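Novice: Input structure: coords.tsv, which contains TSV, C-alpha atoms.
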chain	number	residue	atom	x	y	z
K	1454	MET	CA	-31.73	14.36	14.78
K	1455	ASP	CA	-28.40	13.21	16.15
K	1456	PHE	CA	-25.79	13.63	13.36
K	1457	VAL	CA	-23.48	11.15	15.03
K	1458	GLY	CA	-26.24	8.56	14.86
K	1459	ARG	CA	-25.51	5.24	13.29
K	1460	SER	CA	-27.55	5.61	10.12
K	1461	MET	CA	-26.16	9.03	9.16
K	1462	VAL	CA	-22.54	8.01	9.58
K	1463	SER	CA	-22.77	4.57	7.98
K	1464	HIS	CA	-24.42	5.88	4.83
K	1465	ALA	CA	-22.44	9.07	4.40
K	1466	TYR	CA	-18.94	7.94	5.33
K	1467	PRO	CA	-18.41	4.15	5.16
K	1468	ALA	CA	-14.76	4.34	6.15
K	1469	GLN	CA	-15.55	6.46	9.21
K	1470	ARG	CA	-18.41	4.53	10.74
K	1471	GLN	CA	-16.72	4.86	14.08
K	1472	GLN	CA	-14.28	7.64	14.81
K	1473	ASP	CA	-12.02	5.30	16.76
K	1474	GLY	CA	-8.32	5.66	17.46
K	1475	SER	CA	-7.27	4.19	14.13
K	1476	SER	CA	-9.38	6.69	12.17
K	1477	ARG	CA	-7.86	9.53	14.18
K	1478	VAL	CA	-4.41	8.09	13.56
K	1479	ILE	CA	-5.04	8.00	9.80
K	1480	ASP	CA	-6.34	11.58	9.90
K	1481	ALA	CA	-3.24	12.72	11.82
K	1482	ARG	CA	-0.96	10.78	9.48
K	1483	LEU	CA	-2.44	12.48	6.42
K	1484	ARG	CA	-2.29	15.91	8.05
K	1485	SER	CA	1.34	15.43	9.09
K	1486	ALA	CA	2.12	14.56	5.45
K	1487	VAL	CA	0.38	17.80	4.42
K	1488	LEU	CA	-2.46	15.92	2.71
K	1489	ARG	CA	-5.99	17.10	3.25
K	1490	PRO	CA	-7.90	14.26	4.93
K	1491	THR	CA	-10.76	13.98	2.45
K	1492	ARG	CA	-13.36	11.25	2.90
K	1493	GLN	CA	-11.80	9.16	0.13
K	1494	ARG	CA	-8.21	9.58	1.38
K	1495	LEU	CA	-9.34	8.62	4.88
K	1496	ALA	CA	-11.13	5.55	3.54
K	1497	LEU	CA	-8.14	4.46	1.46
K	1498	GLY	CA	-5.76	5.29	4.31
K	1499	GLN	CA	-7.76	3.11	6.68
K	1500	LEU	CA	-7.53	0.21	4.24
K	1501	LEU	CA	-3.82	0.76	3.67
K	1502	PHE	CA	-2.59	1.57	7.16
K	1503	GLY	CA	-5.27	0.12	9.43
K	1504	SER	CA	-3.88	-3.40	9.75
K	1505	GLY	CA	-0.10	-3.49	9.60
K	1506	ASP	CA	2.30	-3.45	6.69
K	1507	ARG	CA	0.85	-4.34	3.30
K	1508	HIS	CA	1.74	-4.59	-0.38
K	1509	VAL	CA	-1.18	-3.60	-2.61
K	1510	SER	CA	-1.86	-2.80	-6.22
K	1511	ALA	CA	-4.27	-0.03	-7.17
K	1512	GLU	CA	-6.69	-2.65	-8.47
K	1513	LEU	CA	-6.65	-4.58	-5.18
K	1514	LEU	CA	-7.15	-1.42	-3.13
K	1515	HIS	CA	-9.99	-0.35	-5.41
K	1516	ALA	CA	-11.68	-3.75	-4.97
K	1517	GLU	CA	-11.29	-3.53	-1.18
K	1518	ALA	CA	-12.68	0.02	-1.11
K	1519	THR	CA	-15.66	-1.02	-3.21
K	1520	ALA	CA	-16.29	-4.06	-1.01
K	1521	SER	CA	-16.25	-1.83	2.06
K	1522	GLY	CA	-18.95	0.39	0.54
K	1523	GLU	CA	-16.70	3.27	-0.45
K	1524	HIS	CA	-17.63	4.75	-3.83
K	1525	VAL	CA	-14.29	5.62	-5.39
K	1526	SER	CA	-13.05	5.33	-8.96
K	1527	LEU	CA	-9.92	3.42	-9.92
K	1528	ALA	CA	-8.42	6.72	-11.15
K	1529	THR	CA	-8.97	8.25	-7.70
K	1530	VAL	CA	-7.26	5.25	-6.11
K	1531	TYR	CA	-4.26	5.68	-8.44
K	1532	ASN	CA	-4.12	9.40	-7.68
K	1533	ALA	CA	-4.32	8.83	-3.92
K	1534	LEU	CA	-1.62	6.15	-4.01
K	1535	HIS	CA	0.73	8.45	-5.90
K	1536	GLN	CA	-0.07	11.34	-3.52
K	1537	PHE	CA	0.64	9.07	-0.54
K	1538	LYS	CA	3.91	8.03	-2.20
K	1539	GLN	CA	4.97	11.61	-2.88
K	1540	ALA	CA	4.19	12.46	0.75
K	1541	GLY	CA	6.46	9.63	1.92
K	1542	LEU	CA	3.65	7.43	3.28
K	1543	LEU	CA	4.14	4.64	0.71
K	1544	ARG	CA	6.94	3.10	-1.26
K	1545	GLU	CA	6.33	2.21	-4.90
K	1546	LEU	CA	7.53	-1.18	-6.11
K	1547	ALA	CA	7.67	-1.67	-9.86
K	1548	ILE	CA	8.20	-5.41	-9.76
K	1549	GLU	CA	6.49	-6.81	-12.81
K	1550	GLY	CA	6.58	-4.83	-16.06
K	1551	SER	CA	3.10	-3.36	-15.99
K	1552	LYS	CA	2.25	-4.25	-12.36
K	1553	THR	CA	3.04	-1.75	-9.63
K	1554	TYR	CA	2.70	-2.48	-5.94
K	1555	PHE	CA	2.65	0.02	-3.10
K	1556	ASP	CA	4.28	-0.86	0.21
K	1557	THR	CA	3.16	0.70	3.49
K	1558	ASN	CA	6.58	-0.12	4.96
K	1559	THR	CA	8.78	2.68	3.65
K	1560	SER	CA	11.98	1.46	5.32
K	1561	ASN	CA	14.86	0.17	3.22
K	1562	HIS	CA	14.08	-3.53	2.79
K	1563	SER	CA	13.89	-6.22	0.13
K	1564	HIS	CA	11.12	-8.47	-1.13
K	1565	PHE	CA	10.17	-11.95	-2.20
K	1566	LEU	CA	7.81	-12.15	-5.16
K	1567	LEU	CA	5.71	-15.30	-5.27
K	1568	GLU	CA	5.38	-15.33	-9.04
K	1569	PRO	CA	2.45	-17.75	-9.40
K	1570	GLU	CA	0.26	-15.66	-7.07
K	1571	GLY	CA	1.79	-12.24	-7.72
K	1572	GLU	CA	2.17	-11.84	-3.95
K	1573	VAL	CA	4.91	-9.66	-2.44
K	1574	ILE	CA	6.43	-10.50	0.95
K	1575	ASP	CA	9.04	-8.56	2.93
K	1576	ILE	CA	12.44	-10.14	3.43
K	1577	PRO	CA	13.71	-9.45	6.95
K	1578	SER	CA	16.65	-7.06	6.58
K	1579	GLU	CA	18.99	-9.30	8.60
K	1580	GLN	CA	18.52	-12.08	6.04
K	1581	ILE	CA	20.02	-10.23	3.09
K	1582	SER	CA	23.12	-8.17	2.40
K	1583	VAL	CA	24.14	-6.27	-0.70
K	1584	SER	CA	27.79	-5.67	-1.48
K	1585	GLY	CA	29.90	-4.51	-4.38
K	1586	LEU	CA	27.83	-1.44	-5.17
K	1587	PRO	CA	29.33	0.95	-7.72
K	1588	GLU	CA	30.18	4.52	-6.81
K	1589	PRO	CA	27.37	6.80	-7.92
K	1590	PRO	CA	28.13	9.59	-10.40
K	1591	ALA	CA	29.40	12.91	-9.03
K	1592	GLY	CA	26.72	14.88	-7.21
K	1593	MET	CA	24.48	11.84	-6.72
K	1594	ARG	CA	23.90	9.37	-3.93
K	1595	ILE	CA	22.29	5.95	-3.77
K	1596	ALA	CA	18.80	6.59	-2.45
K	1597	HIS	CA	17.55	3.03	-2.30
K	1598	ILE	CA	18.42	-0.47	-3.42
K	1599	ASP	CA	15.58	-2.66	-4.62
K	1600	VAL	CA	16.19	-6.39	-4.33
K	1601	VAL	CA	13.40	-8.70	-5.44
K	1602	VAL	CA	13.87	-12.43	-5.04
K	1603	ARG	CA	11.44	-14.21	-7.33
K	1604	LEU	CA	10.01	-17.47	-6.05
K	1605	ASP	CA	8.31	-20.26	-7.94
K	1606	THR	CA	6.97	-23.63	-6.94
K	1607	LEU	CA	9.30	-26.63	-7.12
K	1608	GLY	CA	7.72	-27.77	-10.38
K	1609	LEU	CA	5.48	-30.34	-8.75
K	1610	ASN	CA	2.50	-29.15	-10.77
K	1611	ARG	CA	4.30	-28.69	-14.09
K	1612	GLY	CA	3.55	-32.01	-15.63
K	1613	SER	CA	6.60	-33.75	-14.22
K	1614	THR	CA	6.22	-37.50	-14.22
K	1615	GLY	CA	8.37	-38.13	-11.21
Can you dump the structure from the file as structure tokens?

Specialist:
Amino acid sequence: MDFVGRSMVSHAYPAQRQQDGSSRVIDARLRSAVLRPTRQRLALGQLLFGSGDRHVSAELLHAEATASGEHVSLATVYNALHQFKQAGLLRELAIEGSKTYFDTNTSNHSHFLLEPEGEVIDIPSEQISVSGLPEPPAGMRIAHIDVVVRLDTLGLNRGSTG
């Protein structure tokens, strides 16, 4: 039997149904970050990095993985996200008290938070400037500045009578 056949690959490795360029890119990205490209990391990496910059929570990524046919626990998703972060592949955004987002764009940039939807959107770096920063303590440097601009609707649906 041909092990590259459709039925073997689609049942055994949902995230690798086709070993196309993007799967190879994810594999290479994990290897360059010194992360072993396990089936689950490859599947999660494809979801995270396969379609441009994204902001995801562990719960959203878990739901996407499950919907794609990947059998992975929420704990595994959390572990993989933190491993990706430690390897420099993701940036962690602690925006809402108990809600953490992970950003595939690791450059220094700021965010809008659409509070009603809990959606995070990048702010183009040329549209924001930060000034008046304090001097860091001796032996330390500023590693990153997190600016989150919270957005809300204009109150049109808040019972206003006009």

Novice: When you count only C-alpha atoms, which of these residues is closest to K:Arg1489: K:Ala1516, K:Phe1537, K:Leu1586, K:Glu1570?

Specialist: K:Phe1537

Novice: Identify which of the residues K:Tyr1554, K:Ile1479, K:Gly1585, K:Ile1548 lies closest to K:Val1600, counting only C-alpha atoms when measuring atom-to-atom distances.

Specialist: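 Under the stated criterion, the closest residue is K:Ile1548.
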
Novice: Just want the 8 Å neighbourhood of stretch 1559-1566 of chain K, counted on only C-alpha atoms, with same-chain residues fewer than 3 positions away dropped. Output as a PyMOL selection string.

Specialist: chain K and resi 1541-1544+1556+1571-1578+1581+1597-1604

Novice: Would you place a box with edges along x, y and z of the file around all atoms of stretch 1484-1500 of chain K listed there, add 3 Å to each of its six sides, and report the centre and edge lengths in Å to one decimal, as lines of an AutoDock Vina configuration file?

Specialist:
center_x = -5.6
center_y = 9.0
center_z = 4.6
size_x = 21.5
size_y = 23.6
size_z = 15.0

Novice: Between atom CA of K:Asp1480 and atom CA of K:Thr1557, what is the distance in Å, rounded to a tenth?

Specialist: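 Atom CA of K:Thr1557 lies at a distance of 15.8 Å from atom CA of K:Asp1480.
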
Novice: What is the atom CA of K:Tyr1531-atom CA of K:Asp1605 distance in Å, reported with one decimal?

Specialist: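 For atom CA of K:Tyr1531 relative to atom CA of K:Asp1605, the distance reads 28.8 Å.
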
Novice: Find the residues around K:Leu1527 up to 8 Å (only C-alpha atoms counted), leave out those fewer than 5 positions away in its own chain, and share them as a ChimeraX atom specification.

Specialist: /K:1511-1512,1515

Novice: Just to confirm, what's the straight-line distance from atom CA of K:Ala1520 to atom CA of K:Leu1497 in Å (one decimal)?

Specialist: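 Calculated distance between atom CA of K:Ala1520 and atom CA of K:Leu1497 is 12.0 Å.
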
Novice: My list of candidates is K:Ala1496, K:Ala1518, K:Thr1491, K:Ala1591. Which is closest to K:Ser1475 when distances are computed with all atoms listed in the file?

Specialist: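 The answer is K:Ala1496, which sits nearest to K:Ser1475.
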
Novice: From the set K:Gly1498, K:Pro1569, K:Gly1592, K:Gly1505, which residue has the shortest atom-to-atom contact distance to K:Leu1534, counting all atoms listed in the file?

Specialist: K:Gly1498

Novice: Closest to K:Gln1536 among K:Val1583, K:Leu1567, K:Val1487, K:Leu1501, using only C-alpha atoms?

Specialist: K:Val1487

Novice: Which of these residues is nearest to K:Phe1502, using only C-alpha atoms: K:Pro1589, K:Val1478, K:Pro1490, K:Ser1485?

Specialist: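 Ranking K:Pro1589, K:Val1478, K:Pro1490, K:Ser1485 by distance to K:Phe1502, first place goes to K:Val1478.
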